[in-house]
$ cat target_22.cif   # mmCIF, C-alpha atoms
data_input
#
loop_
_atom_site.group_PDB
_atom_site.id
_atom_site.type_symbol
_atom_site.label_atom_id
_atom_site.label_comp_id
_atom_site.auth_asym_id
_atom_site.auth_seq_id
_atom_site.Cartn_x
_atom_site.Cartn_y
_atom_site.Cartn_z
ATOM 1 C CA MET A 1 -19.857 10.117 -8.202
ATOM 2 C CA PHE A 2 -16.161 10.822 -7.560
ATOM 3 C CA ASP A 3 -14.380 13.999 -8.620
ATOM 4 C CA PHE A 4 -10.814 13.543 -9.890
ATOM 5 C CA GLU A 5 -10.401 17.180 -10.896
ATOM 6 C CA LYS A 6 -7.913 17.865 -8.082
ATOM 7 C CA PHE A 7 -5.780 14.992 -9.355
ATOM 8 C CA TYR A 8 -5.655 16.448 -12.868
ATOM 9 C CA LYS A 9 -4.840 19.916 -11.508
ATOM 10 C CA GLN A 10 -1.990 18.539 -9.400
ATOM 11 C CA MET A 11 -0.651 16.578 -12.367
ATOM 12 C CA THR A 12 -0.581 19.813 -14.338
ATOM 13 C CA LYS A 13 1.071 21.660 -11.447
ATOM 14 C CA CYS A 14 3.772 18.962 -11.384
ATOM 15 C CA GLY A 15 4.398 19.420 -15.120
ATOM 16 C CA LEU A 16 2.613 16.185 -16.060
ATOM 17 C CA GLY A 17 -0.566 17.626 -17.552
ATOM 18 C CA LYS A 18 0.058 15.977 -20.933
ATOM 19 C CA TRP A 19 -0.885 12.652 -19.304
ATOM 20 C CA ASN A 20 -4.282 13.832 -18.062
ATOM 21 C CA GLU A 21 -6.191 12.758 -21.151
ATOM 22 C CA LYS A 22 -4.899 9.191 -20.899
ATOM 23 C CA PHE A 23 -5.672 9.053 -17.203
ATOM 24 C CA GLU A 24 -9.204 10.329 -17.831
ATOM 25 C CA ILE A 25 -9.904 7.327 -20.073
ATOM 26 C CA ILE A 26 -8.270 4.882 -17.644
ATOM 27 C CA ILE A 27 -10.160 6.281 -14.643
ATOM 28 C CA GLU A 28 -13.510 6.336 -16.453
ATOM 29 C CA ASN A 29 -13.133 2.687 -17.443
ATOM 30 C CA ALA A 30 -12.167 1.680 -13.893
ATOM 31 C CA VAL A 31 -14.862 3.630 -12.072
ATOM 32 C CA ASN A 32 -17.594 2.341 -14.381
ATOM 33 C CA LYS A 33 -16.813 -1.331 -13.755
ATOM 34 C CA PRO A 34 -19.904 -2.856 -12.101
ATOM 35 C CA ASP A 35 -19.604 -3.693 -8.404
ATOM 36 C CA GLY A 36 -22.662 -4.749 -6.428
ATOM 37 C CA ASN A 37 -21.055 -3.736 -3.125
ATOM 38 C CA LEU A 38 -20.379 -0.155 -4.154
ATOM 39 C CA PRO A 39 -23.855 1.274 -3.355
ATOM 40 C CA ASN A 40 -23.667 -0.105 0.199
ATOM 41 C CA TRP A 41 -20.166 1.253 0.702
ATOM 42 C CA MET A 42 -21.233 4.633 -0.639
ATOM 43 C CA GLN A 43 -24.117 4.609 1.822
ATOM 44 C CA THR A 44 -21.636 3.873 4.597
ATOM 45 C CA LEU A 45 -19.501 6.872 3.574
ATOM 46 C CA SER A 46 -22.604 9.056 3.859
ATOM 47 C CA GLU A 47 -23.131 7.784 7.422
ATOM 48 C CA LEU A 48 -19.762 9.071 8.641
ATOM 49 C CA PRO A 49 -20.440 11.871 11.147
ATOM 50 C CA ASP A 50 -19.311 15.395 10.381
ATOM 51 C CA ILE A 51 -16.466 16.143 12.773
ATOM 52 C CA GLU A 52 -14.252 19.155 12.131
ATOM 53 C CA THR A 53 -10.581 18.172 12.231
ATOM 54 C CA GLU A 54 -7.366 20.116 12.473
ATOM 55 C CA GLU A 55 -5.217 20.580 9.385
ATOM 56 C CA GLY A 56 -1.760 19.075 9.451
ATOM 57 C CA ILE A 57 0.021 15.743 9.663
ATOM 58 C CA PHE A 58 -0.156 14.063 13.061
ATOM 59 C CA ILE A 59 1.554 10.763 13.876
ATOM 60 C CA ARG A 60 1.210 9.196 17.334
ATOM 61 C CA ASP A 61 3.979 7.000 18.715
ATOM 62 C CA ASN A 62 5.604 6.950 15.278
ATOM 63 C CA ALA A 63 2.828 4.582 14.208
ATOM 64 C CA TRP A 64 -0.751 5.837 14.402
ATOM 65 C CA VAL A 65 -1.861 8.170 11.595
ATOM 66 C CA MET A 66 -4.118 10.626 13.432
ATOM 67 C CA ALA A 67 -6.992 12.955 12.713
ATOM 68 C CA LYS A 68 -7.422 15.427 15.570
ATOM 69 C CA ALA A 69 -10.899 16.850 16.189
ATOM 70 C CA LYS A 70 -10.973 20.645 16.618
ATOM 71 C CA LYS A 71 -13.531 20.080 19.365
ATOM 72 C CA GLU A 72 -13.424 16.750 21.197
ATOM 73 C CA ALA A 73 -15.777 14.303 19.510
ATOM 74 C CA SER A 74 -18.755 13.311 21.632
ATOM 75 C CA SER A 75 -19.373 9.694 22.641
ATOM 76 C CA GLN A 76 -22.271 9.578 20.192
ATOM 77 C CA GLN A 77 -20.096 10.850 17.340
ATOM 78 C CA GLN A 78 -17.381 8.324 18.157
ATOM 79 C CA ASN A 79 -19.935 5.497 18.280
ATOM 80 C CA GLU A 80 -21.380 6.569 14.924
ATOM 81 C CA LEU A 81 -17.881 6.836 13.473
ATOM 82 C CA LYS A 82 -16.782 3.395 14.682
ATOM 83 C CA THR A 83 -20.035 1.788 13.524
ATOM 84 C CA ALA A 84 -19.629 3.197 10.027
ATOM 85 C CA LEU A 85 -15.920 2.350 9.791
ATOM 86 C CA MET A 86 -16.616 -1.212 10.945
ATOM 87 C CA LYS A 87 -18.946 -1.614 7.965
ATOM 88 C CA LEU A 88 -15.877 -1.130 5.751
ATOM 89 C CA SER A 89 -14.075 -4.111 7.327
ATOM 90 C CA PRO A 90 -11.772 -5.933 6.922
ATOM 91 C CA TRP A 91 -9.123 -3.300 7.601
ATOM 92 C CA ARG A 92 -5.802 -4.790 6.457
ATOM 93 C CA LYS A 93 -3.379 -1.865 6.948
ATOM 94 C CA GLY A 94 -3.009 0.584 9.802
ATOM 95 C CA PRO A 95 -2.983 1.763 12.522
ATOM 96 C CA PHE A 96 -5.165 4.879 12.398
ATOM 97 C CA ASP A 97 -6.655 7.102 15.088
ATOM 98 C CA LEU A 98 -9.626 9.075 13.809
ATOM 99 C CA CYS A 99 -10.875 11.541 16.411
ATOM 100 C CA GLY A 100 -10.323 9.014 19.193
ATOM 101 C CA VAL A 101 -11.543 5.939 17.288
ATOM 102 C CA GLU A 102 -8.590 3.585 16.928
ATOM 103 C CA ILE A 103 -8.449 1.348 13.846
ATOM 104 C CA ASP A 104 -6.073 -1.428 14.886
ATOM 105 C CA ALA A 105 -5.833 -3.119 11.505
ATOM 106 C CA GLU A 106 -4.490 -6.608 10.733
ATOM 107 C CA TRP A 107 -1.063 -5.285 9.688
ATOM 108 C CA ARG A 108 0.955 -3.000 11.913
ATOM 109 C CA ALA A 109 2.216 -1.333 8.757
ATOM 110 C CA ASP A 110 4.351 1.042 10.818
ATOM 111 C CA VAL A 111 6.755 -1.875 11.402
ATOM 112 C CA LYS A 112 7.670 -2.074 7.716
ATOM 113 C CA TRP A 113 7.736 1.721 7.391
ATOM 114 C CA ASN A 114 10.202 2.052 10.254
ATOM 115 C CA TYR A 115 12.478 -0.563 8.687
ATOM 116 C CA LEU A 116 12.623 1.270 5.353
ATOM 117 C CA VAL A 117 12.215 4.993 6.013
ATOM 118 C CA ASN A 118 15.859 5.785 6.816
ATOM 119 C CA GLY A 119 17.150 3.800 3.846
ATOM 120 C CA ILE A 120 15.349 5.652 1.060
ATOM 121 C CA SER A 121 16.054 8.909 -0.760
ATOM 122 C CA ASP A 122 14.557 12.232 0.283
ATOM 123 C CA LEU A 123 10.910 12.449 -0.849
ATOM 124 C CA LYS A 124 10.565 16.234 -0.549
ATOM 125 C CA ASP A 125 8.959 17.721 -3.684
ATOM 126 C CA LYS A 126 8.947 14.290 -5.385
ATOM 127 C CA VAL A 127 6.181 12.724 -7.473
ATOM 128 C CA VAL A 128 5.596 9.355 -5.808
ATOM 129 C CA LEU A 129 3.667 6.227 -6.820
ATOM 130 C CA ASP A 130 2.496 3.669 -4.243
ATOM 131 C CA LEU A 131 1.679 0.567 -6.263
ATOM 132 C CA GLY A 132 -0.914 -1.697 -4.644
ATOM 133 C CA CYS A 133 -1.487 0.933 -1.970
ATOM 134 C CA SER A 134 -4.232 -0.888 -0.016
ATOM 135 C CA ASN A 135 -6.105 1.758 2.023
ATOM 136 C CA GLY A 136 -3.273 4.276 1.797
ATOM 137 C CA TYR A 137 -1.415 3.878 5.105
ATOM 138 C CA TYR A 138 1.980 4.256 3.422
ATOM 139 C CA MET A 139 0.695 7.185 1.365
ATOM 140 C CA PHE A 140 -0.046 9.041 4.586
ATOM 141 C CA ARG A 141 3.411 8.220 5.938
ATOM 142 C CA ILE A 142 5.024 9.337 2.662
ATOM 143 C CA ALA A 143 3.115 12.617 3.030
ATOM 144 C CA GLU A 144 5.162 13.345 6.187
ATOM 145 C CA LYS A 145 8.138 13.897 3.860
ATOM 146 C CA ASN A 146 6.486 16.757 1.908
ATOM 147 C CA PRO A 147 6.301 15.242 -1.593
ATOM 148 C CA ALA A 148 4.783 17.199 -4.465
ATOM 149 C CA MET A 149 2.226 14.445 -5.044
ATOM 150 C CA VAL A 150 1.490 10.881 -3.959
ATOM 151 C CA LEU A 151 -0.531 8.654 -6.252
ATOM 152 C CA GLY A 152 -1.798 5.354 -4.891
ATOM 153 C CA ILE A 153 -3.256 2.723 -7.195
ATOM 154 C CA ASP A 154 -5.094 -0.449 -6.195
ATOM 155 C CA THR A 155 -7.939 -2.409 -7.760
ATOM 156 C CA SER A 156 -9.552 -3.136 -4.367
ATOM 157 C CA ARG A 157 -12.802 -1.192 -4.123
ATOM 158 C CA ILE A 158 -13.113 -1.733 -0.356
ATOM 159 C CA CYS A 159 -9.640 -0.238 0.119
ATOM 160 C CA TRP A 160 -10.676 2.700 -2.038
ATOM 161 C CA MET A 161 -13.693 3.283 0.188
ATOM 162 C CA GLN A 162 -11.506 3.047 3.289
ATOM 163 C CA PHE A 163 -9.181 5.684 1.835
ATOM 164 C CA GLU A 164 -12.146 7.985 1.142
ATOM 165 C CA ALA A 165 -13.337 7.513 4.735
ATOM 166 C CA LEU A 166 -9.879 8.278 6.102
ATOM 167 C CA GLN A 167 -9.475 11.381 3.956
ATOM 168 C CA LYS A 168 -12.787 12.792 5.192
ATOM 169 C CA TYR A 169 -10.972 13.424 8.484
ATOM 170 C CA LEU A 170 -7.259 13.398 7.641
ATOM 171 C CA LYS A 171 -7.619 15.748 4.648
ATOM 172 C CA TYR A 172 -4.024 15.312 3.504
ATOM 173 C CA PRO A 173 -3.335 17.465 0.433
ATOM 174 C CA ASN A 174 -1.762 16.081 -2.726
ATOM 175 C CA LEU A 175 -2.735 12.448 -2.043
ATOM 176 C CA PHE A 176 -4.751 10.719 -4.737
ATOM 177 C CA TYR A 177 -6.180 7.206 -5.000
ATOM 178 C CA LEU A 178 -7.064 5.656 -8.349
ATOM 179 C CA PRO A 179 -8.956 2.311 -8.348
ATOM 180 C CA ILE A 180 -6.778 0.866 -11.115
ATOM 181 C CA GLY A 181 -4.106 -1.796 -11.475
ATOM 182 C CA PHE A 182 -0.524 -1.347 -12.618
ATOM 183 C CA GLU A 183 -1.488 -2.920 -15.964
ATOM 184 C CA ASP A 184 -3.821 0.058 -16.498
ATOM 185 C CA MET A 185 -1.077 2.649 -16.134
ATOM 186 C CA PRO A 186 0.108 4.453 -19.276
ATOM 187 C CA GLU A 187 2.871 2.302 -20.744
ATOM 188 C CA GLU A 188 6.435 3.513 -20.139
ATOM 189 C CA CYS A 189 5.140 6.781 -18.730
ATOM 190 C CA GLY A 190 8.383 7.594 -16.866
ATOM 191 C CA ILE A 191 6.775 10.259 -14.679
ATOM 192 C CA PHE A 192 7.617 9.202 -11.108
ATOM 193 C CA ASP A 193 10.623 10.179 -9.024
ATOM 194 C CA THR A 194 9.929 7.308 -6.618
ATOM 195 C CA VAL A 195 7.908 4.095 -6.885
ATOM 196 C CA PHE A 196 6.968 1.960 -3.895
ATOM 197 C CA ALA A 197 6.160 -1.668 -4.809
ATOM 198 C CA MET A 198 5.677 -3.580 -1.580
ATOM 199 C CA GLY A 199 4.244 -7.069 -1.209
ATOM 200 C CA ILE A 200 3.519 -7.458 -4.926
ATOM 201 C CA LEU A 201 6.413 -9.180 -6.708
ATOM 202 C CA TYR A 202 5.514 -12.687 -5.519
ATOM 203 C CA HIS A 203 1.995 -12.269 -6.904
ATOM 204 C CA ARG A 204 3.301 -11.778 -10.467
ATOM 205 C CA LYS A 205 3.573 -14.726 -12.860
ATOM 206 C CA ALA A 206 6.116 -12.841 -14.970
ATOM 207 C CA PRO A 207 8.473 -11.142 -12.481
ATOM 208 C CA PHE A 208 10.937 -9.777 -15.058
ATOM 209 C CA GLU A 209 8.170 -8.189 -17.101
ATOM 210 C CA PHE A 210 6.849 -6.665 -13.884
ATOM 211 C CA LEU A 211 10.272 -5.267 -12.946
ATOM 212 C CA ARG A 212 10.664 -3.854 -16.443
ATOM 213 C CA THR A 213 7.282 -2.128 -16.098
ATOM 214 C CA LEU A 214 8.349 -0.617 -12.785
ATOM 215 C CA LYS A 215 11.594 0.644 -14.323
ATOM 216 C CA TYR A 216 9.807 2.515 -17.077
ATOM 217 C CA MET A 217 7.324 4.086 -14.674
ATOM 218 C CA LEU A 218 10.318 5.903 -13.175
ATOM 219 C CA LYS A 219 12.065 8.971 -14.475
ATOM 220 C CA PRO A 220 15.711 8.332 -15.414
ATOM 221 C CA GLY A 221 17.557 8.089 -12.116
ATOM 222 C CA GLY A 222 14.317 7.587 -10.195
ATOM 223 C CA GLU A 223 14.225 5.268 -7.184
ATOM 224 C CA LEU A 224 12.356 1.995 -6.724
ATOM 225 C CA ILE A 225 11.575 0.827 -3.201
ATOM 226 C CA LEU A 226 10.821 -2.879 -3.518
ATOM 227 C CA GLU A 227 9.713 -5.065 -0.603
ATOM 228 C CA THR A 228 9.026 -8.755 -1.073
ATOM 229 C CA ILE A 229 9.190 -12.140 0.616
ATOM 230 C CA THR A 230 12.542 -13.859 0.156
ATOM 231 C CA VAL A 231 14.166 -17.119 1.258
ATOM 232 C CA GLU A 232 17.684 -17.926 2.387
ATOM 233 C CA GLY A 233 20.121 -19.054 -0.299
ATOM 234 C CA ASP A 234 22.568 -18.015 -3.012
ATOM 235 C CA GLU A 235 22.172 -16.213 -6.342
ATOM 236 C CA ARG A 236 20.420 -19.227 -7.880
ATOM 237 C CA THR A 237 17.959 -19.944 -5.054
ATOM 238 C CA VAL A 238 14.291 -19.432 -5.900
ATOM 239 C CA LEU A 239 11.362 -21.069 -4.092
ATOM 240 C CA VAL A 240 8.359 -21.929 -6.261
ATOM 241 C CA PRO A 241 5.501 -23.188 -4.046
ATOM 242 C CA GLU A 242 3.735 -26.225 -5.421
ATOM 243 C CA ASP A 243 0.378 -24.895 -4.242
ATOM 244 C CA ARG A 244 -0.197 -22.490 -1.369
ATOM 245 C CA TYR A 245 2.333 -20.509 0.652
ATOM 246 C CA ALA A 246 1.301 -19.382 4.150
ATOM 247 C CA GLY A 247 -2.268 -19.870 3.013
ATOM 248 C CA MET A 248 -1.838 -17.699 -0.087
ATOM 249 C CA LYS A 249 -2.784 -19.258 -3.411
ATOM 250 C CA ASN A 250 -1.856 -16.542 -5.903
ATOM 251 C CA VAL A 251 1.914 -16.668 -5.339
ATOM 252 C CA TRP A 252 4.661 -17.717 -7.748
ATOM 253 C CA PHE A 253 8.320 -16.896 -7.018
ATOM 254 C CA PHE A 254 10.297 -16.270 -3.826
ATOM 255 C CA PRO A 255 13.958 -15.531 -4.635
ATOM 256 C CA SER A 256 16.748 -15.304 -2.109
ATOM 257 C CA ASP A 257 17.893 -11.745 -1.463
ATOM 258 C CA LYS A 258 21.014 -12.503 -3.514
ATOM 259 C CA ALA A 259 18.913 -13.792 -6.413
ATOM 260 C CA LEU A 260 16.684 -10.717 -6.142
ATOM 261 C CA VAL A 261 19.733 -8.501 -6.667
ATOM 262 C CA VAL A 262 20.560 -10.514 -9.813
ATOM 263 C CA TRP A 263 16.979 -10.101 -11.033
ATOM 264 C CA LEU A 264 17.126 -6.332 -10.551
ATOM 265 C CA LYS A 265 20.460 -6.082 -12.380
ATOM 266 C CA LYS A 266 19.069 -8.139 -15.243
ATOM 267 C CA ALA A 267 16.021 -5.846 -15.377
ATOM 268 C CA GLY A 268 18.351 -2.842 -15.806
ATOM 269 C CA PHE A 269 18.432 -1.298 -12.341
ATOM 270 C CA ARG A 270 21.584 0.089 -10.701
ATOM 271 C CA ASN A 271 22.708 1.159 -7.217
ATOM 272 C CA ILE A 272 20.959 -1.883 -5.750
ATOM 273 C CA ASN A 273 20.977 -1.792 -1.958
ATOM 274 C CA ILE A 274 19.404 -4.166 0.552
ATOM 275 C CA VAL A 275 17.985 -1.804 3.163
ATOM 276 C CA ASP A 276 16.840 -4.466 5.612
ATOM 277 C CA LYS A 277 15.687 -8.051 6.095
ATOM 278 C CA TYR A 278 13.381 -9.180 8.860
ATOM 279 C CA MET A 279 11.103 -12.072 9.743
ATOM 280 C CA SER A 280 7.359 -11.439 9.680
ATOM 281 C CA THR A 281 5.870 -11.922 13.138
ATOM 282 C CA ILE A 282 2.443 -12.472 14.635
ATOM 283 C CA GLU A 283 2.839 -9.095 16.358
ATOM 284 C CA GLU A 284 3.106 -7.365 12.970
ATOM 285 C CA GLN A 285 0.263 -9.290 11.280
ATOM 286 C CA ARG A 286 -2.607 -10.628 13.378
ATOM 287 C CA GLN A 287 -6.359 -10.842 13.943
ATOM 288 C CA THR A 288 -8.065 -7.839 15.522
ATOM 289 C CA GLU A 289 -11.663 -6.699 15.872
ATOM 290 C CA TRP A 290 -11.117 -4.829 12.583
ATOM 291 C CA MET A 291 -9.997 -8.000 10.744
ATOM 292 C CA THR A 292 -11.469 -11.175 12.225
ATOM 293 C CA ASN A 293 -10.475 -13.598 9.462
ATOM 294 C CA GLU A 294 -7.480 -15.932 9.698
ATOM 295 C CA SER A 295 -4.105 -14.201 9.827
ATOM 296 C CA LEU A 296 -0.412 -15.104 9.956
ATOM 297 C CA LYS A 297 -0.626 -17.186 13.154
ATOM 298 C CA ASN A 298 -3.069 -19.531 11.399
ATOM 299 C CA TRP A 299 -0.625 -20.045 8.512
ATOM 300 C CA LEU A 300 2.526 -20.833 10.498
ATOM 301 C CA ASP A 301 3.431 -24.249 11.861
ATOM 302 C CA PRO A 302 2.037 -24.120 15.423
ATOM 303 C CA ASN A 303 5.081 -26.045 16.680
ATOM 304 C CA ASP A 304 7.708 -24.112 14.712
ATOM 305 C CA PHE A 305 7.104 -20.518 13.640
ATOM 306 C CA SER A 306 10.145 -20.709 11.336
ATOM 307 C CA LYS A 307 7.963 -22.725 8.924
ATOM 308 C CA THR A 308 4.633 -22.146 7.227
ATOM 309 C CA ILE A 309 1.766 -24.565 7.728
ATOM 310 C CA GLU A 310 2.795 -26.122 4.393
ATOM 311 C CA GLY A 311 6.279 -26.838 5.759
ATOM 312 C CA LEU A 312 8.002 -24.088 3.754
ATOM 313 C CA PRO A 313 10.326 -21.396 5.183
ATOM 314 C CA ALA A 314 8.364 -18.692 7.013
ATOM 315 C CA PRO A 315 8.207 -15.230 5.385
ATOM 316 C CA ILE A 316 11.381 -13.142 5.432
ATOM 317 C CA ARG A 317 10.677 -9.579 4.327
ATOM 318 C CA THR A 318 13.455 -7.971 2.295
ATOM 319 C CA ILE A 319 13.497 -4.264 1.419
ATOM 320 C CA VAL A 320 15.610 -3.136 -1.536
ATOM 321 C CA THR A 321 16.231 0.242 -3.144
ATOM 322 C CA CYS A 322 17.608 0.767 -6.644
ATOM 323 C CA ASN A 323 17.571 3.293 -9.482
ATOM 324 C CA ARG A 324 16.493 3.337 -13.087
#

$ encode --input "target_22.cif" --output "structure tokens"
Amino acid sequence: MFDFEKFYKQMTKCGLGKWNEKFEIIIENAVNKPDGNLPNWMQTLSELPDIETEEGIFIRDNAWVMAKAKKEASSQQQNELKTALMKLSPWRKGPFDLCGVEIDAEWRADVKWNYLVNGISDLKDKVVLDLGCSNGYYMFRIAEKNPAMVLGIDTSRICWMQFEALQKYLKYPNLFYLPIGFEDMPEECGIFDTVFAMGILYHRKAPFEFLRTLKYMLKPGGELILETITVEGDERTVLVPEDRYAGMKNVWFFPSDKALVVWLKKAGFRNINIVDKYMSTIEEQRQTEWMTNESLKNWLDPNDFSKTIEGLPAPIRTIVTCNR
């Protein structure tokens, strides 16, 4: 159904071919997991119109990842394209512009990218992992920097289908999506120059075990780009929500930025640098026609956006870089 041969060839080209056999087993197990929605999503992919697009990386307004049609898409083609893409909703990350069809997703993911991009190491010729990659928006932005390979992993099948739809038109080389979780990765593989782990730490029950796993995914000296929700406080400040946080149930620990630095030191990282801190806003994360469910505005105190609806501090996003 899906051909991963290009992934194995690129792994070999990057000197990582010895891992192909393990990945073959991991991928086979993941792809063969039953999912009743998959046939419908596959049908939707087959409904995407054939529109020839130009090769290359195109970014509009430093935000919109673009696919440019070689010949302007007709109104009928654009209608067919939007209809099919809408069937893959909700679209959480974006924005994208596919041949004139704008996918204004829930998250303006370009906001986070623009906060972090000047604070990270050069990605040229690097082997990069995007952990919990959603539909691949950050993978496409990473591709601007000419890496040797970008691997995105995420267990979300709908995000996988969105990535396949995007790549039909974007056709970025050396980008690969595996529908697996970080627990499925070969243990202590140490094959990545750079690992992005954004918006994941607070979902882990065992944060130190998670950080240790990230460390050993990296080559010695490799760089971790970690983004997570933090709270204000000192080295000992950690918020543990009693139940939900901003509507999210599967959350566990929110350290202060100072405590996060201590955690990273304890996990064995060095050169720890806070790249930026910023407050999440309803301009960055909001409802659109591509994601009509409740969004951040619904989970903040309507009278005080500095608090969540549960009365807890509103999300502060902290971006940190460090090295194995």

$ resolve_selection --input "target_22.cif" --expression "the PyMOL selection byres ((chain A and resi 90) around 7)" --output "compact mmCIF listing (two decimals) with C-alpha atoms, in the coordinates of the input"
# COMPACT_ATOMS: atom_id res chain seq x y z
CA LEU A 88 -15.88 -1.13 5.75
CA SER A 89 -14.08 -4.11 7.33
CA TRP A 91 -9.12 -3.30 7.60
CA ARG A 92 -5.80 -4.79 6.46
CA TRP A 290 -11.12 -4.83 12.58
CA MET A 291 -10.00 -8.00 10.74

$ closest_atom_pairs --input "target_22.cif" --of "region 17-74 of chain A" --to "region 186-197 of chain A" --cutoff "9 Å" --atoms "only C-alpha atoms" --output "Markdown table"
| residue | atom | partner | partner_atom | distance |
| --- | --- | --- | --- | --- |
| A:Trp19 | CA | A:Pro186 | CA | 8.3 |
| A:Lys22 | CA | A:Pro186 | CA | 7.1 |
| A:Phe23 | CA | A:Pro186 | CA | 7.7 |
| A:Ile26 | CA | A:Pro186 | CA | 8.5 |

$ write_last_selection --input "target_22.cif" --atoms "C-alpha atoms" --output "compact mmCIF listing (two decimals), in the coordinates of the input"
# COMPACT_ATOMS: atom_id res chain seq x y z
CA TRP A 19 -0.88 12.65 -19.30
CA LYS A 22 -4.90 9.19 -20.90
CA PHE A 23 -5.67 9.05 -17.20
CA ILE A 26 -8.27 4.88 -17.64

$ closest_residue --input "target_22.cif" --among "A:Met161, A:Ala246, A:Ile225, A:Leu239" --to "Asp276 (chain A)" --atoms "all atoms listed in the file"
A:Ile225

$ atom_distance --input "target_22.cif" --atom1 "CA of Phe269 (chain A)" --atom2 "CA of Thr228 (chain A)"
16.5 Å

$ atom_distance --input "target_22.cif" --atom1 "CA of Ile180 (chain A)" --atom2 "CA of Ile27 (chain A)"
7.3 Å

$ residues_near_point --input "target_22.cif" --point "(22.7, -0.3, -1.1)" --cutoff "8 Å" --atoms "only C-alpha atoms" --output "PDB file with C-alpha atoms, in the frame of the given file"
ATOM      1  CA  ASN A 271      22.708   1.159  -7.217  1.00  0.00           C
ATOM      2  CA  ILE A 272      20.959  -1.883  -5.750  1.00  0.00           C
ATOM      3  CA  ASN A 273      20.977  -1.792  -1.958  1.00  0.00           C
ATOM      4  CA  ILE A 274      19.404  -4.166   0.552  1.00  0.00           C
ATOM      5  CA  VAL A 275      17.985  -1.804   3.163  1.00  0.00           C
ATOM      6  CA  VAL A 320      15.610  -3.136  -1.536  1.00  0.00           C
ATOM      7  CA  THR A 321      16.231   0.242  -3.144  1.00  0.00           C
ATOM      8  CA  CYS A 322      17.608   0.767  -6.644  1.00  0.00           C
TER       9      CYS A 322
END

$ resolve_selection --input "target_22.cif" --expression "the PyMOL selection byres ((chain A and resi 109) around 9)" --output "list in words"
Ala63, Lys93, Gly94, Pro95, Ala105, Glu106, Trp107, Arg108, Asp110, Val111, Lys112, Trp113, Asn114, Tyr137, Tyr138, Glu284 and Gln285 of chain A

$ resolve_selection --input "target_22.cif" --expression "the PyMOL selection byres ((chain A and resi 42) around 12)" --output "VMD selection string"
chain A and resid 1 to 2 35 to 41 43 to 48 84 to 85 87 to 88 157 to 158 160 to 162 164 to 165

$ closest_residue --input "target_22.cif" --among "A:Gln76, A:Asn303, A:Asn32, A:Asn62" --to "Asp50 (chain A)" --atoms "only C-alpha atoms"
A:Gln76

$ closest_residue --input "target_22.cif" --among "A:Met217, A:Ile229, A:Phe210, A:Lys297" --to "Leu264 (chain A)" --atoms "only C-alpha atoms"
A:Phe210

$ atom_distance --input "target_22.cif" --atom1 "CA of Lys126 (chain A)" --atom2 "CA of Pro147 (chain A)"
4.7 Å

$ closest_residue --input "target_22.cif" --among "A:Asn323, A:Ser280, A:Gln78, A:Thr230" --to "Ser256 (chain A)" --atoms "all atoms listed in the file"
A:Thr230

$ closest_residue --input "target_22.cif" --among "A:Glu227, A:Lys9, A:Arg286, A:Lys249" --to "Tyr115 (chain A)" --atoms "all atoms listed in the file"
A:Glu227
